[in-house]
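Peer 1: Coordinates in target38.cif, mmCIF, C-alpha atoms, are listed below.
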data_data
#
loop_
_atom_site.label_atom_id
_atom_site.label_comp_id
_atom_site.auth_asym_id
_atom_site.auth_seq_id
_atom_site.Cartn_x
_atom_site.Cartn_y
_atom_site.Cartn_z
CA MET K 1078 -3.96 49.13 142.37
CA THR K 1079 -2.19 51.69 140.33
CA ALA K 1080 -3.36 55.05 139.17
CA ILE K 1081 -4.37 55.16 135.53
CA THR K 1082 -2.48 57.10 132.97
CA SER K 1083 -5.10 59.24 131.31
CA SER K 1084 -5.35 62.06 128.87
CA GLU K 1085 -6.84 64.38 131.48
CA PRO K 1086 -4.47 66.87 133.08
CA PRO K 1087 -3.72 66.00 136.71
CA ALA K 1088 -5.50 69.13 137.96
CA ILE K 1089 -8.73 68.17 136.16
CA SER K 1090 -8.57 64.57 137.38
CA ARG K 1091 -7.96 65.85 140.90
CA ARG K 1092 -11.04 68.11 140.66
CA VAL K 1093 -13.16 65.20 139.45
CA LEU K 1094 -11.88 63.00 142.28
CA GLN K 1095 -12.53 65.70 144.90
CA LEU K 1096 -16.06 66.18 143.57
CA GLN K 1097 -16.67 62.43 143.63
CA VAL K 1098 -15.36 62.11 147.20
CA LEU K 1099 -17.73 64.90 148.25
CA THR K 1100 -20.55 63.12 146.42
CA ILE K 1101 -19.74 59.76 148.06
CA ILE K 1102 -19.69 61.31 151.54
CA TRP K 1103 -22.90 63.25 150.97
CA MET K 1104 -24.73 60.33 149.34
CA SER K 1105 -23.77 58.07 152.25
CA VAL K 1106 -25.24 60.53 154.75
CA GLU K 1107 -28.27 61.18 152.56
CA ALA K 1108 -29.01 57.47 152.07
CA ILE K 1109 -28.65 56.56 155.74
CA VAL K 1110 -30.71 59.47 157.04
CA SER K 1111 -33.40 59.06 154.37
CA LEU K 1112 -33.80 55.31 154.82
CA VAL K 1113 -33.77 55.40 158.63
CA THR K 1114 -36.25 58.28 158.62
CA ALA K 1115 -38.42 56.51 156.02
CA TRP K 1116 -38.55 53.45 158.24
CA ALA K 1117 -39.42 55.48 161.34
CA SER K 1118 -42.09 57.58 159.64
CA ASP K 1119 -43.49 55.05 157.10
CA SER K 1120 -42.72 57.59 154.39
CA PRO K 1121 -42.78 56.22 150.85
CA ALA K 1122 -41.35 59.50 149.53
CA LEU K 1123 -38.31 59.17 151.80
CA LEU K 1124 -37.98 55.47 150.97
CA GLY K 1125 -37.88 56.25 147.26
CA PHE K 1126 -35.44 59.08 147.86
CA GLY K 1127 -33.20 56.86 150.01
CA GLY K 1128 -33.11 54.21 147.29
CA ASP K 1129 -32.21 56.89 144.77
CA SER K 1130 -29.41 57.96 147.09
CA LEU K 1131 -27.99 54.42 147.17
CA ILE K 1132 -27.96 54.21 143.38
CA GLU K 1133 -26.34 57.65 143.18
CA LEU K 1134 -23.72 56.47 145.68
CA LEU K 1135 -22.88 53.50 143.43
CA SER K 1136 -22.64 55.78 140.40
CA ALA K 1137 -20.29 58.17 142.21
CA GLY K 1138 -18.14 55.20 143.20
CA VAL K 1139 -17.93 54.02 139.59
CA VAL K 1140 -16.81 57.44 138.37
CA PHE K 1141 -14.32 57.73 141.23
CA TRP K 1142 -12.94 54.31 140.28
CA ARG K 1143 -12.71 55.36 136.63
CA PHE K 1144 -10.65 58.47 137.40
CA ARG K 1145 -8.53 56.96 140.17
CA PHE K 1146 -7.83 53.35 139.18
CA THR K 1147 -7.89 51.13 136.12
CA LEU K 1148 -11.56 51.16 135.16
CA GLY K 1149 -11.87 52.15 131.50
CA GLU K 1150 -14.14 54.96 130.33
CA ALA K 1151 -16.32 52.72 128.15
CA ARG K 1152 -16.96 50.26 130.96
CA ALA K 1153 -17.57 53.04 133.50
CA ALA K 1154 -20.02 54.70 131.10
CA ARG K 1155 -21.93 51.42 130.60
CA ILE K 1156 -22.16 50.89 134.37
CA ALA K 1157 -23.23 54.49 135.05
CA GLY K 1158 -25.79 54.30 132.24
CA GLY K 1159 -27.10 51.01 133.61
CA LEU K 1160 -27.48 52.64 137.01
CA LEU K 1161 -29.66 55.33 135.40
CA PHE K 1162 -31.98 52.56 134.17
CA ALA K 1163 -31.87 50.91 137.60
CA LEU K 1164 -32.88 54.21 139.14
CA ALA K 1165 -35.83 54.56 136.77
CA GLY K 1166 -36.91 51.00 137.54
CA PHE K 1167 -36.61 51.59 141.27
CA VAL K 1168 -38.78 54.71 141.07
CA VAL K 1169 -41.48 52.86 139.13
CA LEU K 1170 -41.40 49.85 141.47
CA THR K 1171 -41.52 52.04 144.58
CA SER K 1172 -44.48 53.96 143.18
CA ILE K 1173 -46.44 50.79 142.43
CA LEU K 1174 -45.71 49.24 145.81
CA ASN K 1175 -46.68 52.45 147.59
CA PHE K 1176 -50.09 52.54 145.96
CA ILE K 1177 -50.73 48.82 146.46
CA GLY K 1178 -49.66 48.76 150.10
CA TYR K 1179 -50.57 52.31 151.06
CA ARG K 1180 -49.98 53.06 154.74
CA GLU K 1181 -50.38 56.38 156.42
CA ALA K 1182 -47.10 58.26 156.63
CA ASN K 1183 -46.15 60.19 159.74
CA GLY K 1184 -44.55 63.63 159.59
CA SER K 1185 -40.78 63.88 159.62
CA LEU K 1186 -38.86 67.06 160.35
CA VAL K 1187 -35.56 65.19 159.89
CA GLY K 1188 -36.79 64.01 156.49
CA ILE K 1189 -37.75 67.55 155.52
CA GLY K 1190 -34.30 68.76 156.61
CA ILE K 1191 -32.37 66.18 154.56
CA LEU K 1192 -34.59 66.87 151.54
CA ILE K 1193 -34.05 70.64 151.73
CA THR K 1194 -30.30 70.10 151.90
CA ALA K 1195 -30.38 67.64 148.99
CA ALA K 1196 -32.63 69.93 146.92
CA VAL K 1197 -29.92 72.59 147.12
CA MET K 1198 -26.78 70.44 147.05
CA MET K 1199 -27.62 67.97 144.27
CA PRO K 1200 -28.23 70.54 141.50
CA TRP K 1201 -24.96 72.22 142.50
CA LEU K 1202 -23.10 68.89 142.27
CA ALA K 1203 -24.80 68.10 138.94
CA SER K 1204 -23.70 71.43 137.50
CA ARG K 1205 -20.06 70.89 138.52
CA LYS K 1206 -20.09 67.33 137.15
CA ARG K 1207 -21.57 68.46 133.82
CA LYS K 1208 -18.82 71.06 133.39
CA LEU K 1209 -16.10 68.53 134.18
CA ALA K 1210 -17.73 65.93 131.91
CA VAL K 1211 -17.37 68.35 129.01
CA VAL K 1212 -13.72 69.03 129.81
CA THR K 1213 -12.87 65.34 130.25
CA SER K 1214 -15.23 64.01 127.54
CA SER K 1215 -16.35 61.44 130.10
CA ALA K 1216 -19.67 59.76 129.37
CA ALA K 1217 -19.53 58.14 132.82
CA LEU K 1218 -19.24 61.53 134.51
CA LYS K 1219 -22.03 62.87 132.29
CA ALA K 1220 -24.32 60.00 133.36
CA ASP K 1221 -23.37 60.61 137.00
CA ALA K 1222 -24.25 64.30 136.55
CA ALA K 1223 -27.66 63.25 135.19
CA GLU K 1224 -28.19 61.07 138.27
CA SER K 1225 -27.25 63.98 140.55
CA ALA K 1226 -29.70 66.25 138.73
CA LEU K 1227 -32.43 63.60 139.02
CA CYS K 1228 -31.68 63.25 142.72
CA GLY K 1229 -32.19 67.01 143.14
CA TYR K 1230 -35.48 66.79 141.25
CA MET K 1231 -36.62 63.88 143.42
CA ALA K 1232 -35.66 65.81 146.55
CA TRP K 1233 -37.97 68.69 145.58
CA ILE K 1234 -40.85 66.32 144.84
CA ALA K 1235 -40.41 64.28 148.03
CA LEU K 1236 -40.08 67.54 149.97
CA ALA K 1237 -43.40 68.74 148.56
CA GLY K 1238 -45.08 65.52 149.72
CA LEU K 1239 -43.63 65.73 153.22
CA VAL K 1240 -44.47 69.43 153.58
CA VAL K 1241 -48.08 68.92 152.43
CA ASN K 1242 -48.42 66.12 154.98
CA ALA K 1243 -46.77 68.19 157.74
CA ILE K 1244 -48.82 71.36 157.17
CA TRP K 1245 -52.22 70.02 156.10
CA ASN K 1246 -52.06 66.50 157.59
CA LYS K 1247 -52.53 64.80 154.22
CA PRO K 1248 -50.84 61.38 154.52
CA TRP K 1249 -51.62 60.56 150.87
CA ALA K 1250 -49.11 63.25 149.81
CA GLY K 1251 -46.10 60.96 150.42
CA PRO K 1252 -47.26 58.16 148.09
CA VAL K 1253 -48.27 60.72 145.46
CA ALA K 1254 -44.84 62.38 145.68
CA ALA K 1255 -43.13 58.99 145.53
CA SER K 1256 -45.00 58.17 142.32
CA LEU K 1257 -44.01 61.32 140.42
#
Could you spell out this file's structure in structure tokens?
Peer 2:
Amino acid sequence: MTAITSSEPPAISRRVLQLQVLTIIWMSVEAIVSLVTAWASDSPALLGFGGDSLIELLSAGVVFWRFRFTLGEARAARIAGGLLFALAGFVVLTSILNFIGYREANGSLVGIGILITAAVMMPWLASRKRKLAVVTSSAALKADAAESALCGYMAWIALAGLVVNAIWNKPWAGPVAASL
């Protein structure tokens, strides 16, 4: 593999790559913790959030590949855009399955912790990606920024469901949060 020759200055490409590496590391942790915790606590909100994290991880990898190796901007943008549609489909499917096969969710302090962290970190990452997308004119990075912003939004919603369940013992809050 060889590095691409691009129109972006090396300093900008380096910033994009550093941001994508941070995103890949964080999304890996977020996905693993969310999915393991979802399994342990039967939490549909955490399951939906963990699936979102996996799609976001793929998107970050595509953008990393675009800025580091020989993946063209148009192809990277199509893949990142397709992942946005996959994310929307996953959210809808998870919501339907949660209401059909509703099971009582248990509380999860670990889940609440990962969601609080994501609710703060993902909007910050989205903001940085949007700024760099403007500088680089990268549609792929712009789509990845949208996925990061959506991940932050989903973190706040899932967090609300888990907190309602934890404080008021309302197990229906997780499926409701997963469906929003």
Peer 1: Evaluating the PyMOL selection byres ((chain K and resi 1105) around 10) on the displayed file yields which residues, as a VMD selection string?
Peer 2: chain K and resid 1099 to 1104 1106 to 1111 1127 1130 to 1131 1133 to 1135
Peer 1: Residues within 12 Å of stretch 1207-1214 of chain K, please, as JSON, numbers by chain. Count all atoms listed in the file; anything in the same chain fewer than 2 positions from it doesn't count.
Peer 2: {"K": [1083, 1084, 1085, 1086, 1087, 1088, 1089, 1090, 1091, 1092, 1093, 1094, 1095, 1096, 1097, 1140, 1143, 1144, 1150, 1151, 1154, 1200, 1201, 1202, 1203, 1204, 1205, 1216, 1217, 1218, 1219, 1220, 1221, 1222, 1223, 1224, 1225, 1226]}
Peer 1: Could you state which residues are captured by the PyMOL selection byres ((chain K and resi 1241) around 12) in this file, as a tab-separated table (two decimals) with C-alpha atoms, in the frame of the given file?
Peer 2:
chain	number	residue	atom	x	y	z
K	1122	ALA	CA	-41.35	59.50	149.53
K	1182	ALA	CA	-47.10	58.26	156.63
K	1183	ASN	CA	-46.15	60.19	159.74
K	1184	GLY	CA	-44.55	63.63	159.59
K	1185	SER	CA	-40.78	63.88	159.62
K	1189	ILE	CA	-37.75	67.55	155.52
K	1234	ILE	CA	-40.85	66.32	144.84
K	1235	ALA	CA	-40.41	64.28	148.03
K	1236	LEU	CA	-40.08	67.54	149.97
K	1237	ALA	CA	-43.40	68.74	148.56
K	1238	GLY	CA	-45.08	65.52	149.72
K	1239	LEU	CA	-43.63	65.73	153.22
K	1240	VAL	CA	-44.47	69.43	153.58
K	1242	ASN	CA	-48.42	66.12	154.98
K	1243	ALA	CA	-46.77	68.19	157.74
K	1244	ILE	CA	-48.82	71.36	157.17
K	1245	TRP	CA	-52.22	70.02	156.10
K	1246	ASN	CA	-52.06	66.50	157.59
K	1247	LYS	CA	-52.53	64.80	154.22
K	1248	PRO	CA	-50.84	61.38	154.52
K	1249	TRP	CA	-51.62	60.56	150.87
K	1250	ALA	CA	-49.11	63.25	149.81
K	1251	GLY	CA	-46.10	60.96	150.42
K	1252	PRO	CA	-47.26	58.16	148.09
K	1253	VAL	CA	-48.27	60.72	145.46
K	1254	ALA	CA	-44.84	62.38	145.68
Peer 1: What does the distance from atom CA of K:Ile1132 to atom CA of K:Met1231 come to in Å, to one decimal?
Peer 2: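 Pair atom CA of K:Ile1132 / atom CA of K:Met1231 returns 13.0 Å.
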Peer 1: Could you jot down the atom CA of K:Val1187 to atom CA of K:Phe1126 separation for me, Å, one decimal place?
Peer 2: 13.5 Å
Peer 1: Separation of atom CA of K:Arg1152 and atom CA of K:Leu1124, in Å?
Peer 2: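 We find that atom CA of K:Arg1152 and atom CA of K:Leu1124 lie 29.5 Å from each other.
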Peer 1: Just checking: using all atoms listed in the file, which residue out of K:Leu1186, K:Val1168, K:Leu1112, K:Val1098 ends up closest to K:Leu1227?
Peer 2: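 Nearest to K:Leu1227: K:Val1168.
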Peer 1: Can you work out which one of K:Ala1195, K:Ala1157, K:Gly1190, K:Gly1125 has the shortest atom-to-atom distance to K:Val1169, counting only C-alpha atoms?
Peer 2: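 The answer is K:Gly1125, which sits nearest to K:Val1169.
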Peer 1: For K:Gly1159, which of K:Ala1232, K:Val1139, K:Met1199, K:Ile1177 is the closest residue, counting only C-alpha atoms?
Peer 2: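 Of K:Ala1232, K:Val1139, K:Met1199, K:Ile1177, the one nearest K:Gly1159, counting only C-alpha atoms, is K:Val1139.
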Peer 1: Could I see stretch 1201-1212 of chain K restored to all heavy atoms, set down as a PDB file, in the frame of the given file?
Peer 2:
ATOM      1  N   TRP K1201     -26.304  71.637 142.500  1.00  0.00           N
ATOM      2  CA  TRP K1201     -24.960  72.220 142.500  1.00  0.00           C
ATOM      3  C   TRP K1201     -23.931  71.162 142.072  1.00  0.00           C
ATOM      4  O   TRP K1201     -23.076  71.431 141.222  1.00  0.00           O
ATOM      5  CB  TRP K1201     -24.626  72.770 143.887  1.00  0.00           C
ATOM      6  CG  TRP K1201     -23.250  73.318 143.990  1.00  0.00           C
ATOM      7  CD1 TRP K1201     -22.836  74.559 143.599  1.00  0.00           C
ATOM      8  CD2 TRP K1201     -22.090  72.646 144.497  1.00  0.00           C
ATOM      9  NE1 TRP K1201     -21.485  74.692 143.834  1.00  0.00           N
ATOM     10  CE2 TRP K1201     -21.003  73.539 144.385  1.00  0.00           C
ATOM     11  CE3 TRP K1201     -21.866  71.386 145.030  1.00  0.00           C
ATOM     12  CZ2 TRP K1201     -19.721  73.203 144.793  1.00  0.00           C
ATOM     13  CZ3 TRP K1201     -20.593  71.056 145.436  1.00  0.00           C
ATOM     14  CH2 TRP K1201     -19.535  71.955 145.317  1.00  0.00           C
ATOM     15  N   LEU K1202     -24.010  69.963 142.653  1.00  0.00           N
ATOM     16  CA  LEU K1202     -23.100  68.890 142.270  1.00  0.00           C
ATOM     17  C   LEU K1202     -23.286  68.525 140.793  1.00  0.00           C
ATOM     18  O   LEU K1202     -22.304  68.323 140.071  1.00  0.00           O
ATOM     19  CB  LEU K1202     -23.333  67.639 143.129  1.00  0.00           C
ATOM     20  CG  LEU K1202     -22.732  67.641 144.529  1.00  0.00           C
ATOM     21  CD1 LEU K1202     -23.244  66.438 145.319  1.00  0.00           C
ATOM     22  CD2 LEU K1202     -21.230  67.642 144.475  1.00  0.00           C
ATOM     23  N   ALA K1203     -24.527  68.439 140.338  1.00  0.00           N
ATOM     24  CA  ALA K1203     -24.800  68.100 138.940  1.00  0.00           C
ATOM     25  C   ALA K1203     -24.167  69.116 138.000  1.00  0.00           C
ATOM     26  O   ALA K1203     -23.562  68.745 136.982  1.00  0.00           O
ATOM     27  CB  ALA K1203     -26.306  68.010 138.691  1.00  0.00           C
ATOM     28  N   SER K1204     -24.276  70.373 138.334  1.00  0.00           N
ATOM     29  CA  SER K1204     -23.700  71.430 137.500  1.00  0.00           C
ATOM     30  C   SER K1204     -22.183  71.295 137.401  1.00  0.00           C
ATOM     31  O   SER K1204     -21.608  71.395 136.309  1.00  0.00           O
ATOM     32  CB  SER K1204     -24.068  72.796 138.101  1.00  0.00           C
ATOM     33  OG  SER K1204     -23.349  73.823 137.477  1.00  0.00           O
ATOM     34  N   ARG K1205     -21.529  71.051 138.523  1.00  0.00           N
ATOM     35  CA  ARG K1205     -20.060  70.890 138.520  1.00  0.00           C
ATOM     36  C   ARG K1205     -19.653  69.652 137.717  1.00  0.00           C
ATOM     37  O   ARG K1205     -18.688  69.674 136.979  1.00  0.00           O
ATOM     38  CB  ARG K1205     -19.514  70.766 139.945  1.00  0.00           C
ATOM     39  CG  ARG K1205     -19.741  71.957 140.856  1.00  0.00           C
ATOM     40  CD  ARG K1205     -19.161  73.231 140.259  1.00  0.00           C
ATOM     41  NE  ARG K1205     -19.438  74.405 141.048  1.00  0.00           N
ATOM     42  CZ  ARG K1205     -20.508  75.178 140.927  1.00  0.00           C
ATOM     43  NH1 ARG K1205     -21.459  74.874 140.082  1.00  0.00           N
ATOM     44  NH2 ARG K1205     -20.663  76.262 141.648  1.00  0.00           N
ATOM     45  N   LYS K1206     -20.411  68.570 137.873  1.00  0.00           N
ATOM     46  CA  LYS K1206     -20.090  67.330 137.150  1.00  0.00           C
ATOM     47  C   LYS K1206     -20.280  67.510 135.655  1.00  0.00           C
ATOM     48  O   LYS K1206     -19.475  67.023 134.858  1.00  0.00           O
ATOM     49  CB  LYS K1206     -20.961  66.179 137.661  1.00  0.00           C
ATOM     50  CG  LYS K1206     -20.600  65.735 139.059  1.00  0.00           C
ATOM     51  CD  LYS K1206     -21.551  64.649 139.545  1.00  0.00           C
ATOM     52  CE  LYS K1206     -21.269  64.276 140.977  1.00  0.00           C
ATOM     53  NZ  LYS K1206     -22.127  63.179 141.437  1.00  0.00           N
ATOM     54  N   ARG K1207     -21.351  68.219 135.249  1.00  0.00           N
ATOM     55  CA  ARG K1207     -21.570  68.460 133.820  1.00  0.00           C
ATOM     56  C   ARG K1207     -20.415  69.235 133.204  1.00  0.00           C
ATOM     57  O   ARG K1207     -19.957  68.912 132.112  1.00  0.00           O
ATOM     58  CB  ARG K1207     -22.892  69.213 133.590  1.00  0.00           C
ATOM     59  CG  ARG K1207     -24.108  68.317 133.538  1.00  0.00           C
ATOM     60  CD  ARG K1207     -25.333  69.048 133.036  1.00  0.00           C
ATOM     61  NE  ARG K1207     -25.773  70.098 133.933  1.00  0.00           N
ATOM     62  CZ  ARG K1207     -26.639  69.926 134.924  1.00  0.00           C
ATOM     63  NH1 ARG K1207     -27.175  68.756 135.143  1.00  0.00           N
ATOM     64  NH2 ARG K1207     -26.994  70.931 135.681  1.00  0.00           N
ATOM     65  N   LYS K1208     -19.938  70.265 133.902  1.00  0.00           N
ATOM     66  CA  LYS K1208     -18.820  71.060 133.390  1.00  0.00           C
ATOM     67  C   LYS K1208     -17.558  70.214 133.256  1.00  0.00           C
ATOM     68  O   LYS K1208     -16.853  70.298 132.250  1.00  0.00           O
ATOM     69  CB  LYS K1208     -18.551  72.251 134.318  1.00  0.00           C
ATOM     70  CG  LYS K1208     -19.624  73.316 134.241  1.00  0.00           C
ATOM     71  CD  LYS K1208     -19.383  74.430 135.216  1.00  0.00           C
ATOM     72  CE  LYS K1208     -20.536  75.433 135.168  1.00  0.00           C
ATOM     73  NZ  LYS K1208     -20.421  76.463 136.187  1.00  0.00           N
ATOM     74  N   LEU K1209     -17.279  69.390 134.245  1.00  0.00           N
ATOM     75  CA  LEU K1209     -16.100  68.530 134.180  1.00  0.00           C
ATOM     76  C   LEU K1209     -16.266  67.413 133.152  1.00  0.00           C
ATOM     77  O   LEU K1209     -15.284  66.981 132.541  1.00  0.00           O
ATOM     78  CB  LEU K1209     -15.770  67.961 135.557  1.00  0.00           C
ATOM     79  CG  LEU K1209     -15.196  68.980 136.550  1.00  0.00           C
ATOM     80  CD1 LEU K1209     -15.118  68.385 137.949  1.00  0.00           C
ATOM     81  CD2 LEU K1209     -13.838  69.478 136.095  1.00  0.00           C
ATOM     82  N   ALA K1210     -17.489  66.957 132.931  1.00  0.00           N
ATOM     83  CA  ALA K1210     -17.730  65.930 131.910  1.00  0.00           C
ATOM     84  C   ALA K1210     -17.404  66.473 130.525  1.00  0.00           C
ATOM     85  O   ALA K1210     -16.878  65.744 129.678  1.00  0.00           O
ATOM     86  CB  ALA K1210     -19.183  65.450 131.971  1.00  0.00           C
ATOM     87  N   VAL K1211     -17.706  67.741 130.294  1.00  0.00           N
ATOM     88  CA  VAL K1211     -17.370  68.350 129.010  1.00  0.00           C
ATOM     89  C   VAL K1211     -15.863  68.439 128.838  1.00  0.00           C
ATOM     90  O   VAL K1211     -15.319  68.086 127.791  1.00  0.00           O
ATOM     91  CB  VAL K1211     -18.021  69.757 128.883  1.00  0.00           C
ATOM     92  CG1 VAL K1211     -17.472  70.515 127.685  1.00  0.00           C
ATOM     93  CG2 VAL K1211     -19.540  69.638 128.799  1.00  0.00           C
ATOM     94  N   VAL K1212     -15.173  68.882 129.875  1.00  0.00           N
ATOM     95  CA  VAL K1212     -13.720  69.030 129.810  1.00  0.00           C
ATOM     96  C   VAL K1212     -13.022  67.695 129.620  1.00  0.00           C
ATOM     97  O   VAL K1212     -12.062  67.586 128.856  1.00  0.00           O
ATOM     98  CB  VAL K1212     -13.191  69.742 131.093  1.00  0.00           C
ATOM     99  CG1 VAL K1212     -11.680  69.741 131.148  1.00  0.00           C
ATOM    100  CG2 VAL K1212     -13.728  71.160 131.172  1.00  0.00           C
TER     101      VAL K1212
END
